[in-house]
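Contents: one structure, followed by commentary.
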Amino acid sequence: MTRRLTPAERLAAADKNTTLQQIVAASTWDRFLVEQAVWHFGLACDEWSANDLRDVLPEMGHGYLGAAINALARGGVIAKTGQLVPSTSGPTHGHGIYVWTLTDRGRAIADQRRARPAERAA
């Protein structure tokens, strides 16, 4: 039986850099695409919360957001900063949600992905 890749392994294994705009333009959403969006948002922002991501994800991606954040956190790609902010999602009635940041592991994955095009050109 083949082993499932972790979110960190999926990100590190991707052959191309996908921008947040490309992810948002995708017509088929699933958890893996939302994970990519969360990770790319982490690259662009020092700290962020699900509130920030809900503003840029299409409605159909919102259902996967919590699962994607939890998967990346368990994979060591993102980490809680210790701060809480009130949720802007109506159904949550403003309860506290965590503020996240990219970890050293998440930055290392980004560095690996950036190095790939240069290696292929050689």
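Order determines the names: the first chain of the structure tokens is A, the second B, and so forth; residues in each chain are numbered 1 upward, and ligands are numbered 1 upward as they are shown.
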
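For region 32-64 of chain A, a DSSP pass over the backbone yields alpha helix (DSSP H) at Phe32, Leu33, Val34, Glu35, Gln36, Ala37, Val38, Trp39, His40, Phe41, Gly42, Leu43, Ala44, Ala50, Asn51, Asp52, Leu53, Arg54, Asp55, Val56, His62, Gly63 and Tyr64 of chain A.
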
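The space between CA of Cys45 (chain A) and CA of Gly90 (chain A) spans 24.2 Å.
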
**OP:** Enter the distance from CA of Ile69 (chain A) to CA of Arg10 (chain A), in Å, rounded to one decimal.
**Re:** 14.3 Å

**OP:** Give the strand (DSSP E or B) residues of region 25-101 of chain A, as assigned by DSSP on the backbone, as a ChimeraX atom specification.
**Re:** /A:48-49,78-86,96-101

Can you spit out the residues from that selection as a compact mmCIF listing (two decimals), in the first residue's frame, using N, CA and C atoms?
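In the end it all went to selection36.txt:
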```txt
# COMPACT_ATOMS: atom_id res chain seq x y z
N TRP A 48 -1.34 35.90 9.81
CA TRP A 48 -2.65 35.93 9.17
C TRP A 48 -3.59 35.00 9.92
N SER A 49 -4.86 35.15 9.64
CA SER A 49 -5.87 34.28 10.25
C SER A 49 -6.81 33.78 9.15
N ILE A 78 3.00 25.55 9.19
CA ILE A 78 2.55 26.79 9.82
C ILE A 78 2.44 26.56 11.33
N ALA A 79 2.42 27.64 12.09
CA ALA A 79 2.32 27.54 13.55
C ALA A 79 1.51 28.71 14.10
N LYS A 80 0.85 28.47 15.22
CA LYS A 80 0.11 29.53 15.91
C LYS A 80 1.08 30.55 16.47
N THR A 81 0.68 31.83 16.43
CA THR A 81 1.52 32.87 17.02
C THR A 81 1.23 33.07 18.50
N GLY A 82 0.10 32.53 18.96
CA GLY A 82 -0.33 32.74 20.34
C GLY A 82 -1.40 33.81 20.44
N GLN A 83 -1.65 34.52 19.35
CA GLN A 83 -2.67 35.56 19.33
C GLN A 83 -4.00 34.97 18.87
N LEU A 84 -5.09 35.54 19.36
CA LEU A 84 -6.43 35.22 18.90
C LEU A 84 -7.08 36.50 18.41
N VAL A 85 -7.88 36.39 17.34
CA VAL A 85 -8.67 37.52 16.84
C VAL A 85 -10.11 37.06 16.71
N PRO A 86 -11.08 37.98 16.78
CA PRO A 86 -12.47 37.56 16.62
C PRO A 86 -12.75 37.13 15.18
N GLY A 96 -13.07 33.52 19.10
CA GLY A 96 -11.65 33.72 18.80
C GLY A 96 -11.11 32.67 17.85
N ILE A 97 -10.31 33.12 16.90
CA ILE A 97 -9.59 32.21 16.00
C ILE A 97 -8.11 32.57 16.06
N TYR A 98 -7.28 31.59 15.75
CA TYR A 98 -5.84 31.77 15.89
C TYR A 98 -5.25 32.59 14.75
N VAL A 99 -4.17 33.27 15.09
CA VAL A 99 -3.32 33.95 14.12
C VAL A 99 -2.16 33.00 13.85
N TRP A 100 -1.79 32.83 12.58
CA TRP A 100 -0.79 31.86 12.15
C TRP A 100 0.41 32.54 11.51
N THR A 101 1.51 31.81 11.45
CA THR A 101 2.71 32.26 10.75
C THR A 101 3.37 31.05 10.10
```

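Residues in contact range of Val38 (chain A), defined as at most 8 Å between only C-alpha atoms, with sequence neighbours fewer than 4 positions away removed, read Val34, Gly42, Leu53, Ala68 and Ile69 of chain A.
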
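Across the model, the gap from CA of Asp46 (chain A) to CA of Leu102 (chain A) is 7.3 Å.
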
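Taking only C-alpha atoms into account, Gly75 (chain A) lies nearest to A:Asp104 out of the set A:Asp104, A:Glu59, A:Asp52, A:Asp111.
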
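Using only C-alpha atoms, the shortest contact distance between Ser87 (chain A) and any of A:Arg4, A:Arg54, A:His40, A:Arg31 is found at A:Arg54.
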